[in-house]
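For reference, upload.cif (mmCIF, C-alpha atoms and all ligand atoms):
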data_my_file
loop_
_atom_site.label_atom_id
_atom_site.label_comp_id
_atom_site.auth_asym_id
_atom_site.auth_seq_id
_atom_site.Cartn_x
_atom_site.Cartn_y
_atom_site.Cartn_z
CA MET A 1 6.89 14.32 16.42
CA LYS A 2 4.26 14.75 19.12
CA TYR A 3 2.78 11.65 20.78
CA GLU A 4 -0.42 11.64 22.79
CA ILE A 5 -0.23 9.16 25.67
CA ALA A 6 -3.09 8.23 28.01
CA VAL A 7 -1.84 7.51 31.54
CA LEU A 8 -4.05 5.46 33.89
CA PRO A 9 -2.14 4.91 37.17
CA GLY A 10 -4.93 2.90 38.84
CA ASP A 11 -4.63 1.42 42.34
CA GLY A 12 -2.10 0.28 44.95
CA VAL A 13 1.47 0.60 43.73
CA GLY A 14 0.18 1.55 40.25
CA PRO A 15 0.65 5.33 40.69
CA GLU A 16 4.16 4.86 42.12
CA VAL A 17 5.50 2.66 39.33
CA VAL A 18 3.82 4.76 36.64
CA ALA A 19 5.47 7.89 38.04
CA GLU A 20 8.89 6.28 37.44
CA ALA A 21 8.01 5.27 33.88
CA VAL A 22 6.95 8.88 33.31
CA LYS A 23 10.42 10.03 34.47
CA VAL A 24 11.99 7.75 31.87
CA LEU A 25 9.54 9.05 29.26
CA GLN A 26 10.56 12.63 30.05
CA ALA A 27 14.23 11.71 29.79
CA ILE A 28 13.59 10.12 26.38
CA GLY A 29 11.68 13.24 25.35
CA ARG A 30 14.54 15.54 26.31
CA ARG A 31 17.07 13.37 24.57
CA SER A 32 15.21 12.58 21.34
CA GLY A 33 13.36 15.87 20.85
CA HIS A 34 10.04 14.03 20.59
CA GLU A 35 7.18 15.51 22.54
CA PHE A 36 4.99 13.34 24.76
CA ALA A 37 1.66 14.88 25.78
CA LEU A 38 0.28 13.02 28.80
CA HIS A 39 -3.46 12.70 29.46
CA TYR A 40 -4.24 11.31 32.92
CA GLY A 41 -7.38 9.29 33.69
CA ASP A 42 -8.85 6.97 36.35
CA VAL A 43 -9.33 3.23 36.13
CA GLY A 44 -10.17 0.43 38.57
CA GLY A 45 -10.84 1.14 42.24
CA ALA A 46 -9.63 4.74 41.85
CA SER A 47 -12.39 5.25 39.28
CA ILE A 48 -15.03 3.43 41.39
CA ASP A 49 -14.28 5.74 44.32
CA LYS A 50 -14.52 8.88 42.19
CA HIS A 51 -17.13 8.03 39.56
CA GLY A 52 -18.94 4.90 40.80
CA VAL A 53 -17.73 2.79 37.83
CA SER A 54 -14.37 1.18 37.10
CA LEU A 55 -14.06 2.93 33.72
CA THR A 56 -16.02 5.95 32.52
CA LYS A 57 -17.04 6.50 28.90
CA ASP A 58 -14.97 9.67 28.90
CA THR A 59 -11.82 7.84 29.95
CA LEU A 60 -12.37 5.22 27.24
CA LYS A 61 -12.88 8.00 24.66
CA MET A 62 -9.77 9.79 25.84
CA CYS A 63 -7.74 6.57 25.41
CA LYS A 64 -9.11 6.14 21.88
CA ARG A 65 -7.85 9.60 20.93
CA CYS A 66 -4.28 8.76 22.02
CA HIS A 67 -1.47 6.84 20.31
CA ALA A 68 -1.09 4.50 23.29
CA VAL A 69 -2.08 3.92 26.92
CA LEU A 70 0.19 3.39 29.94
CA LEU A 71 -1.52 1.64 32.85
CA GLY A 72 -0.33 0.88 36.39
CA ALA A 73 -2.47 -1.76 38.11
CA VAL A 74 -6.04 -2.22 39.28
CA GLY A 75 -7.68 -3.83 42.31
CA GLY A 76 -7.30 -4.12 46.07
CA PRO A 77 -8.99 -5.55 49.17
CA LYS A 78 -11.24 -2.48 49.47
CA TRP A 79 -13.16 -3.53 46.33
CA ASP A 80 -12.86 -7.32 46.64
CA ASP A 81 -16.35 -8.32 47.85
CA PRO A 82 -17.50 -11.20 45.54
CA LEU A 83 -21.05 -9.79 45.63
CA ALA A 84 -19.98 -6.28 44.64
CA LYS A 85 -21.81 -4.77 41.67
CA VAL A 86 -18.70 -3.02 40.36
CA ARG A 87 -15.19 -4.45 40.30
CA PRO A 88 -11.87 -2.78 39.47
CA GLU A 89 -10.98 -5.64 37.09
CA ASP A 90 -14.04 -4.92 34.95
CA GLY A 91 -12.48 -1.60 33.97
CA LEU A 92 -9.47 -3.42 32.57
CA LEU A 93 -11.64 -5.91 30.66
CA GLU A 94 -13.71 -3.04 29.21
CA LEU A 95 -10.54 -1.30 28.09
CA ARG A 96 -9.28 -4.47 26.39
CA LYS A 97 -12.58 -5.05 24.60
CA GLY A 98 -13.40 -1.39 23.95
CA LEU A 99 -9.98 -0.68 22.45
CA GLY A 100 -9.88 -3.90 20.40
CA LEU A 101 -6.69 -5.09 22.13
CA PHE A 102 -6.84 -8.70 21.00
CA ALA A 103 -3.14 -9.58 21.29
CA ASN A 104 -1.38 -9.58 24.62
CA LEU A 105 2.39 -9.95 24.41
CA ARG A 106 4.13 -11.09 27.58
CA PRO A 107 7.90 -11.46 27.17
CA VAL A 108 9.80 -13.52 29.74
CA LYS A 109 13.53 -13.04 29.65
CA VAL A 110 15.93 -14.19 32.29
CA LEU A 111 18.69 -11.64 32.72
CA PRO A 112 22.06 -13.26 33.54
CA MET A 113 22.54 -11.12 36.66
CA LEU A 114 19.18 -12.23 38.08
CA VAL A 115 19.62 -15.97 37.55
CA ASP A 116 20.10 -16.48 41.28
CA SER A 117 17.00 -14.61 42.37
CA THR A 118 14.54 -17.22 41.09
CA SER A 119 13.30 -20.31 42.88
CA LEU A 120 14.34 -22.60 40.00
CA LYS A 121 17.78 -24.05 39.39
CA PRO A 122 20.06 -21.64 37.52
CA ASP A 123 20.80 -24.34 34.92
CA VAL A 124 17.12 -24.69 34.07
CA ILE A 125 16.41 -21.01 33.55
CA ARG A 126 19.65 -19.75 32.05
CA GLY A 127 19.03 -18.38 28.57
CA VAL A 128 15.23 -18.30 28.83
CA ASP A 129 13.89 -15.77 26.31
CA MET A 130 10.28 -16.26 25.24
CA VAL A 131 7.15 -14.28 24.49
CA VAL A 132 3.68 -15.53 25.26
CA VAL A 133 1.07 -14.17 22.85
CA ARG A 134 -2.21 -14.42 24.71
CA GLU A 135 -5.59 -13.91 23.01
CA LEU A 136 -7.23 -11.15 25.04
CA THR A 137 -10.76 -10.33 23.88
CA GLY A 138 -12.43 -13.73 23.50
CA GLY A 139 -12.79 -17.14 25.14
CA LEU A 140 -14.15 -17.67 28.64
CA TYR A 141 -13.65 -14.05 29.61
CA PHE A 142 -16.20 -12.70 27.14
CA GLY A 143 -18.14 -15.71 25.72
CA ARG A 144 -21.92 -15.79 26.11
CA PRO A 145 -23.91 -17.24 27.82
CA LYS A 146 -22.19 -16.22 31.03
CA ARG A 147 -24.43 -16.19 34.07
CA GLN A 148 -25.48 -17.67 37.39
CA TRP A 149 -29.05 -18.70 38.23
CA ARG A 150 -31.18 -20.70 40.65
CA THR A 151 -32.84 -23.99 39.77
CA THR A 152 -34.98 -26.32 41.87
CA ARG A 153 -31.84 -28.43 42.37
CA GLY A 154 -29.62 -25.59 43.54
CA ARG A 155 -27.60 -22.85 41.88
CA ARG A 156 -25.96 -23.21 38.49
CA ALA A 157 -23.47 -21.12 36.55
CA VAL A 158 -22.13 -21.12 33.02
CA ASP A 159 -19.20 -19.52 31.18
CA SER A 160 -18.62 -20.10 27.46
CA MET A 161 -15.36 -20.70 25.65
CA ALA A 162 -16.39 -19.40 22.26
CA TYR A 163 -14.13 -18.41 19.35
CA SER A 164 -14.78 -17.39 15.76
CA GLU A 165 -12.44 -18.27 12.92
CA ALA A 166 -11.51 -14.59 12.50
CA GLU A 167 -10.60 -14.23 16.17
CA ILE A 168 -8.37 -17.30 16.08
CA GLU A 169 -6.77 -16.39 12.79
CA ARG A 170 -5.65 -12.92 13.81
CA ILE A 171 -4.06 -14.05 17.08
CA ILE A 172 -2.20 -16.96 15.52
CA ARG A 173 -1.03 -14.61 12.79
CA ALA A 174 0.28 -12.30 15.54
CA GLY A 175 2.22 -15.29 16.90
CA PHE A 176 3.72 -16.10 13.50
CA GLU A 177 4.65 -12.46 12.82
CA LEU A 178 6.40 -12.16 16.16
CA ALA A 179 8.21 -15.50 15.74
CA ARG A 180 9.45 -14.21 12.39
CA THR A 181 11.28 -11.34 14.14
CA ARG A 182 12.84 -13.75 16.66
CA ARG A 183 14.10 -17.36 16.63
CA LYS A 184 11.34 -18.49 14.25
CA LYS A 185 9.69 -21.06 16.43
CA LEU A 186 5.98 -20.93 17.31
CA THR A 187 4.34 -23.18 19.91
CA SER A 188 0.55 -23.17 19.62
CA VAL A 189 -1.02 -24.24 22.90
CA ASP A 190 -4.51 -25.73 23.06
CA LYS A 191 -6.56 -28.55 24.56
CA ALA A 192 -7.52 -30.13 21.24
CA ASN A 193 -7.95 -33.58 22.81
CA VAL A 194 -11.01 -32.27 24.69
CA LEU A 195 -12.26 -28.86 23.57
CA GLU A 196 -14.07 -28.06 20.31
CA SER A 197 -12.74 -24.47 20.30
CA SER A 198 -9.22 -25.91 20.55
CA ARG A 199 -9.81 -28.21 17.59
CA LEU A 200 -10.77 -25.21 15.47
CA TRP A 201 -7.73 -23.38 16.88
CA ARG A 202 -5.39 -26.19 15.84
CA GLN A 203 -6.87 -26.50 12.33
CA ILE A 204 -6.43 -22.78 11.73
CA ALA A 205 -2.84 -22.86 13.05
CA ILE A 206 -2.03 -25.65 10.59
CA GLU A 207 -3.72 -23.84 7.69
CA LEU A 208 -1.86 -20.58 8.41
CA SER A 209 1.50 -22.29 8.68
CA SER A 210 1.65 -22.61 4.87
CA GLN A 211 1.94 -18.80 4.75
CA TYR A 212 4.80 -18.82 7.25
CA THR A 213 7.08 -21.56 6.00
CA ASP A 214 10.08 -19.78 7.55
CA VAL A 215 8.61 -20.39 11.02
CA GLU A 216 8.59 -23.82 12.66
CA LEU A 217 5.15 -24.57 14.14
CA GLU A 218 4.57 -27.06 16.94
CA HIS A 219 1.46 -27.87 18.98
CA GLN A 220 1.36 -28.54 22.71
CA LEU A 221 -1.55 -29.41 24.95
CA VAL A 222 -1.90 -26.85 27.69
CA ASP A 223 -1.28 -29.28 30.55
CA ALA A 224 1.91 -30.57 28.92
CA CYS A 225 2.99 -27.00 28.22
CA ALA A 226 2.55 -26.10 31.90
CA MET A 227 4.94 -28.92 32.74
CA ARG A 228 7.53 -28.06 30.08
CA LEU A 229 7.61 -24.42 31.16
CA ILE A 230 9.16 -25.58 34.42
CA GLN A 231 11.06 -28.57 33.09
CA SER A 232 12.86 -27.00 30.13
CA PRO A 233 11.73 -23.41 29.58
CA SER A 234 14.54 -22.46 27.22
CA GLN A 235 12.92 -24.58 24.46
CA PHE A 236 10.29 -21.87 23.92
CA ASP A 237 10.51 -18.90 21.58
CA VAL A 238 6.94 -17.68 20.93
CA ILE A 239 3.90 -19.32 22.51
CA VAL A 240 0.43 -18.47 21.17
CA THR A 241 -2.65 -19.42 23.14
CA GLU A 242 -6.23 -18.53 24.06
CA ASN A 243 -7.25 -16.13 26.80
CA THR A 244 -7.62 -18.32 29.91
CA PHE A 245 -4.73 -20.66 29.11
CA GLY A 246 -2.59 -17.57 28.54
CA ASP A 247 -3.64 -16.04 31.83
CA ILE A 248 -2.54 -19.12 33.75
CA LEU A 249 0.61 -19.93 31.77
CA THR A 250 1.93 -16.37 32.01
CA ASP A 251 1.72 -16.31 35.80
CA GLU A 252 3.64 -19.57 35.75
CA ALA A 253 6.18 -18.30 33.22
CA SER A 254 6.69 -15.09 35.17
CA MET A 255 8.33 -17.05 37.97
CA LEU A 256 11.15 -18.02 35.62
CA ALA A 257 12.33 -14.42 35.60
CA GLY A 258 12.66 -14.26 39.35
CA SER A 259 10.08 -11.60 40.07
CA LEU A 260 6.78 -10.40 38.71
CA GLY A 261 8.29 -6.98 39.20
CA MET A 262 10.49 -7.49 36.13
CA LEU A 263 7.85 -8.36 33.55
CA PRO A 264 6.16 -5.98 31.14
CA SER A 265 3.23 -6.52 28.81
CA ALA A 266 1.73 -5.03 25.69
CA SER A 267 -1.88 -5.40 24.61
CA ILE A 268 -2.17 -4.40 21.00
CA ALA A 269 -4.88 -3.90 18.42
CA GLY A 270 -2.98 -5.26 15.40
CA LEU A 271 -0.05 -7.41 14.37
CA PRO A 272 3.24 -6.89 16.21
CA GLN A 273 5.63 -5.68 13.56
CA GLU A 274 8.61 -3.74 14.87
CA GLY A 275 8.85 -0.20 13.62
CA LYS A 276 5.22 -0.20 12.40
CA ARG A 277 2.74 1.52 14.63
CA VAL A 278 -0.17 -0.21 16.24
CA PHE A 279 -2.42 1.13 18.99
CA GLY A 280 -1.74 -0.51 22.34
CA LEU A 281 -2.05 -0.51 26.10
CA TYR A 282 1.07 -1.16 28.16
CA GLU A 283 1.16 -2.35 31.74
CA PRO A 284 3.30 -4.37 34.12
CA ILE A 285 2.21 -7.98 34.67
CA HIS A 286 2.17 -7.54 38.44
CA GLY A 287 -0.95 -6.45 40.28
CA SER A 288 -1.61 -3.49 42.57
CA SER A 289 0.28 -5.12 45.49
CA PRO A 290 -1.72 -3.20 48.14
CA ARG A 291 0.55 -4.22 51.02
CA ARG A 292 3.52 -2.48 49.41
CA ALA A 293 1.63 0.61 48.31
CA GLY A 294 2.84 4.00 49.51
CA GLN A 295 6.13 2.62 50.83
CA ASN A 296 8.49 3.39 47.98
CA MET A 297 9.20 -0.34 47.67
CA ALA A 298 7.66 -1.64 44.42
CA ASN A 299 9.95 -2.51 41.54
CA PRO A 300 9.24 -0.03 38.70
CA ILE A 301 11.21 -2.03 36.09
CA ALA A 302 8.17 -3.93 34.73
CA THR A 303 6.39 -0.63 34.07
CA ILE A 304 9.47 0.98 32.55
CA LEU A 305 9.93 -2.06 30.28
CA SER A 306 6.24 -1.76 29.36
CA PHE A 307 6.90 1.82 28.30
CA ALA A 308 9.80 0.52 26.19
CA MET A 309 7.36 -1.87 24.51
CA MET A 310 5.10 1.12 23.80
CA LEU A 311 7.99 2.86 22.04
CA ARG A 312 8.67 -0.29 20.03
CA TYR A 313 5.16 -1.22 18.93
CA SER A 314 2.96 1.89 19.16
CA LEU A 315 5.32 4.78 18.49
CA GLY A 316 7.84 3.20 16.14
CA LEU A 317 10.77 4.41 18.30
CA VAL A 318 12.76 1.18 18.30
CA ALA A 319 16.19 2.67 19.06
CA GLN A 320 14.80 4.45 22.11
CA ALA A 321 13.18 1.20 23.28
CA ASP A 322 16.55 -0.57 22.98
CA GLY A 323 18.12 2.31 24.91
CA ILE A 324 15.79 1.79 27.87
CA GLU A 325 16.47 -1.94 27.97
CA MET A 326 20.19 -1.25 27.94
CA ALA A 327 19.86 1.34 30.72
CA ILE A 328 18.03 -1.21 32.89
CA ASN A 329 20.72 -3.81 32.29
CA ASN A 330 23.40 -1.28 33.24
CA VAL A 331 21.68 -0.31 36.46
CA LEU A 332 21.29 -3.98 37.43
CA GLU A 333 24.89 -4.69 36.50
CA ASP A 334 25.91 -1.82 38.77
CA GLY A 335 24.33 -3.84 41.59
CA TYR A 336 21.17 -1.84 42.33
CA ARG A 337 18.13 -3.90 43.36
CA THR A 338 14.62 -3.32 44.66
CA TYR A 339 13.49 -5.58 47.51
CA ASP A 340 11.99 -8.28 45.25
CA ILE A 341 15.25 -9.03 43.42
CA MET A 342 17.65 -8.22 46.25
CA SER A 343 20.51 -10.58 47.10
CA GLU A 344 23.36 -10.33 49.54
CA GLY A 345 26.08 -7.82 48.89
CA LEU A 346 24.04 -5.70 46.45
CA LYS A 347 22.63 -2.21 46.88
CA ARG A 348 19.00 -2.03 47.88
CA VAL A 349 17.01 0.93 46.51
CA GLY A 350 13.37 2.01 46.51
CA THR A 351 10.93 2.66 43.67
CA LYS A 352 12.01 6.28 43.16
CA GLU A 353 15.75 5.65 43.29
CA MET A 354 15.43 2.82 40.76
CA GLY A 355 13.40 5.09 38.45
CA GLU A 356 15.95 7.88 38.77
CA LEU A 357 18.92 5.59 38.15
CA ILE A 358 17.33 4.28 34.95
CA SER A 359 16.28 7.76 33.73
CA SER A 360 19.79 9.06 34.31
CA LYS A 361 21.22 6.26 32.15
CA VAL A 362 18.89 6.93 29.21
CA ALA A 363 19.35 10.70 29.47
C1 LIG B 401 -4.00 -10.48 33.90
C2 LIG B 401 -4.91 -10.41 35.11
C3 LIG B 401 -6.30 -10.07 34.62
C4 LIG B 401 -6.76 -11.22 33.73
C5 LIG B 401 -7.30 -9.79 35.75
C6 LIG B 401 -6.86 -8.65 36.63
C7 LIG B 401 -8.69 -9.53 35.20
O1 LIG B 401 -4.85 -11.60 35.82
O2 LIG B 401 -3.88 -9.47 33.18
O3 LIG B 401 -3.41 -11.54 33.67
O4 LIG B 401 -7.26 -12.23 34.22
O5 LIG B 401 -6.61 -11.09 32.51
MG MG B 402 -3.43 -13.01 35.11
#

Turn the structure described in the file into C-alpha cells.
Amino acid sequence: MKYEIAVLPGDGVGPEVVAEAVKVLQAIGRRSGHEFALHYGDVGGASIDKHGVSLTKDTLKMCKRCHAVLLGAVGGPKWDDPLAKVRPEDGLLELRKGLGLFANLRPVKVLPMLVDSTSLKPDVIRGVDMVVVRELTGGLYFGRPKRQWRTTRGRRAVDSMAYSEAEIERIIRAGFELARTRRKKLTSVDKANVLESSRLWRQIAIELSSQYTDVELEHQLVDACAMRLIQSPSQFDVIVTENTFGDILTDEASMLAGSLGMLPSASIAGLPQEGKRVFGLYEPIHGSSPRRAGQNMANPIATILSFAMMLRYSLGLVAQADGIEMAINNVLEDGYRTYDIMSEGLKRVGTKEMGELISSKVA
C-alpha cells in the first residue's frame, strides 16, 4: 500500500526531530514493504519568512490530499512580538480548524526506566498511563466574539467559550471510544459549578454514558483535577476535556513523564478506533525549543512516538506502531539518553544518534 504523508518540519528543533522520525518511517517502509510518499511544506515562522503567512492555502490543500500530516514545532523569539500581524501559532490553529482535527490525544505514560528522571516522587508516578483527550477546534480558542477595543474608560477585550451540542458530543464520544480500548475509565473534566458551557458538557456526558455502559464515567472540576494529577496521577485512564482546560492540564501532565521530549500527540478528525483509519496530524507536545536548535541535542522520541500514533490511527498499521514503541523501550533499556532524560552512568547521545538507534531496532 502507498501512503501519502505531508511533512511540515516548522521552526527551531522541529526540522531536526522530524528528520529522525523520517528515518524511522523509512526503516518501517523497507521492512514492511509499504511505500511512504513524503510531501514537504512550510508552517509557522518558516512559512512567514518565505511566504508572509504562517500557513499558505497551498500547504493546507496539500495536507488535505494526504493520509496524514507529520509536524515538528512552530514559533520562536524572532516572531514573538505581541503586536505582530502574523504569528507562527496561527498556522497551527488554522491547520487544526481547516483539517477538522477536533480530537487531540495526548498520552502520558511513565516508562519504568525513566521513573527517576522526573521531579516527582517515584512512588507517585510509577505506573502512570493515561491519555488526555482535548477538544481542539472550539472553546476560547475559536469562539466569537473575540476582540480588543477602546472605550472611554480604557481598553477592553473579550474571548468567548462557546460550544454546540454536536461539538461536545463528538469529543466525549471520542473519550468513551478510547476508554473502551483501555482500562474503561473516563474522567470528564469541566467547571460546571461556574460555567454554562461546562453545564451543557456535563449533561451531554451523562446522556452519552448510557451508550457506553462498559465504561465507568466520573466528573471532576478542572481545579480539582489539576490537583489530583500531581497528588495521585495513576488514578487516571482517559481524561476528556475542553480546549483551554486541556491545554493547561496536558502541560501539567507532561511533567509526570519526566520530559516534554518524551510525549507525542495526535490530532484527529474522527473517533479513535484502533485499526480503523482516520485523518490526523501528529506532532510532539514540546515546542520549537529555539535555544537547542541546530545543536543536535533535542530528544526526537516524542516525534517518533507521534509517528507511531500516525501508524496506529491514520494508516491502520498497528503492529508497526507497536514495533516502534518496543524499539524505543529497548534503546532506553540499553542506557541511551538524550540530555533531557540523562542520569548518571548512562550513555548520552544526540538527536541523530537517538534516531539512528531507534531506526536500527525497528529495521
Ligand atoms: C499546544 C500549544 C498550542 C495551543 C499553541 C502553540 C497555540 O500550546 O498545542 O498545546 O495552545 O494549543
Ligand atoms: Mg499547550

If we count all atoms listed in the file and set the cut-off at 9 Å, which residues sit around Gly138 (chain A), ignoring sequence neighbours fewer than 5 positions away in its own chain? Please answer as a list in words.
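Within the cut-off, the hits are Lys97, Phe102, Gly143, Met161, Ala162, Tyr163, Ser164, Glu167, Glu242 and Asn243 of chain A.
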
Can you pull out every residue with an atom within 9 Å of ligand MG 402 (chain B)? Use all atoms listed in the file and format it as a PyMOL selection string.
chain A and resi 244+246-251+285-287

Could you check the closest approach to Ser360 (chain A) for each of A:Asn330, A:Ala226, A:Ala266, A:Leu38 and tell me which residue wins, using all atoms listed in the file?
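Closest candidate: A:Asn330.
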
Could you jot down the CA of Gly10 (chain A) to CA of Lys352 (chain A) separation for me, Å, one decimal place?
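Atom-to-atom, CA of Gly10 (chain A) to CA of Lys352 (chain A), that is 17.8 Å.
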
Near Phe36 (chain A), counting all atoms listed in the file, which residues have an atom at most 7 Å away, once you skip same-chain residues fewer than 2 positions from it, shown as a list in words?
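Everything that qualifies: Lys2, Tyr3, Glu4, Ile5, Gly29, His34 and Leu38 of chain A.
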
Reconstruct all heavy atoms of region 253-262 of chain A from the incomplete input and present them as a compact mmCIF listing (two decimals), keeping the file's coordinate frame.
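As written to disk, out.txt reads:
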# COMPACT_ATOMS: atom_id res chain seq x y z
N ALA A 253 4.93 -18.68 33.91
CA ALA A 253 6.18 -18.30 33.22
C ALA A 253 6.88 -17.14 33.91
O ALA A 253 8.10 -17.03 33.88
CB ALA A 253 5.88 -17.95 31.76
N SER A 254 6.09 -16.27 34.55
CA SER A 254 6.69 -15.09 35.17
C SER A 254 7.67 -15.48 36.28
O SER A 254 8.63 -14.76 36.55
CB SER A 254 5.60 -14.18 35.75
OG SER A 254 5.04 -14.77 36.89
N MET A 255 7.45 -16.63 36.88
CA MET A 255 8.33 -17.05 37.97
C MET A 255 9.72 -17.42 37.47
O MET A 255 10.69 -17.44 38.23
CB MET A 255 7.71 -18.22 38.72
CG MET A 255 6.67 -17.79 39.71
SD MET A 255 7.39 -16.68 40.97
CE MET A 255 6.93 -15.08 40.39
N LEU A 256 9.84 -17.69 36.18
CA LEU A 256 11.15 -18.02 35.62
C LEU A 256 12.08 -16.82 35.72
O LEU A 256 13.29 -16.96 35.87
CB LEU A 256 11.02 -18.44 34.14
CG LEU A 256 10.08 -19.61 33.86
CD1 LEU A 256 9.83 -19.72 32.37
CD2 LEU A 256 10.67 -20.90 34.42
N ALA A 257 11.50 -15.63 35.63
CA ALA A 257 12.33 -14.42 35.60
C ALA A 257 12.68 -13.92 37.00
O ALA A 257 13.32 -12.88 37.14
CB ALA A 257 11.64 -13.33 34.82
N GLY A 258 12.24 -14.63 38.01
CA GLY A 258 12.66 -14.26 39.35
C GLY A 258 11.63 -13.43 40.08
O GLY A 258 11.34 -13.65 41.24
N SER A 259 11.06 -12.45 39.39
CA SER A 259 10.08 -11.60 40.07
C SER A 259 9.07 -11.08 39.07
O SER A 259 9.42 -10.70 37.95
CB SER A 259 10.80 -10.42 40.72
OG SER A 259 9.84 -9.46 41.09
N LEU A 260 7.82 -11.04 39.52
CA LEU A 260 6.78 -10.40 38.71
C LEU A 260 7.13 -8.95 38.43
O LEU A 260 6.69 -8.38 37.45
CB LEU A 260 5.46 -10.43 39.50
CG LEU A 260 4.57 -11.66 39.38
CD1 LEU A 260 3.39 -11.52 40.33
CD2 LEU A 260 4.07 -11.81 37.95
N GLY A 261 7.92 -8.40 39.31
CA GLY A 261 8.29 -6.98 39.20
C GLY A 261 9.18 -6.66 38.01
O GLY A 261 9.51 -5.50 37.76
N MET A 262 9.61 -7.69 37.28
CA MET A 262 10.49 -7.49 36.13
C MET A 262 9.75 -7.57 34.79
O MET A 262 10.34 -7.31 33.75
CB MET A 262 11.58 -8.56 36.11
CG MET A 262 12.58 -8.48 37.24
SD MET A 262 13.51 -6.94 37.21
CE MET A 262 14.36 -7.07 35.63
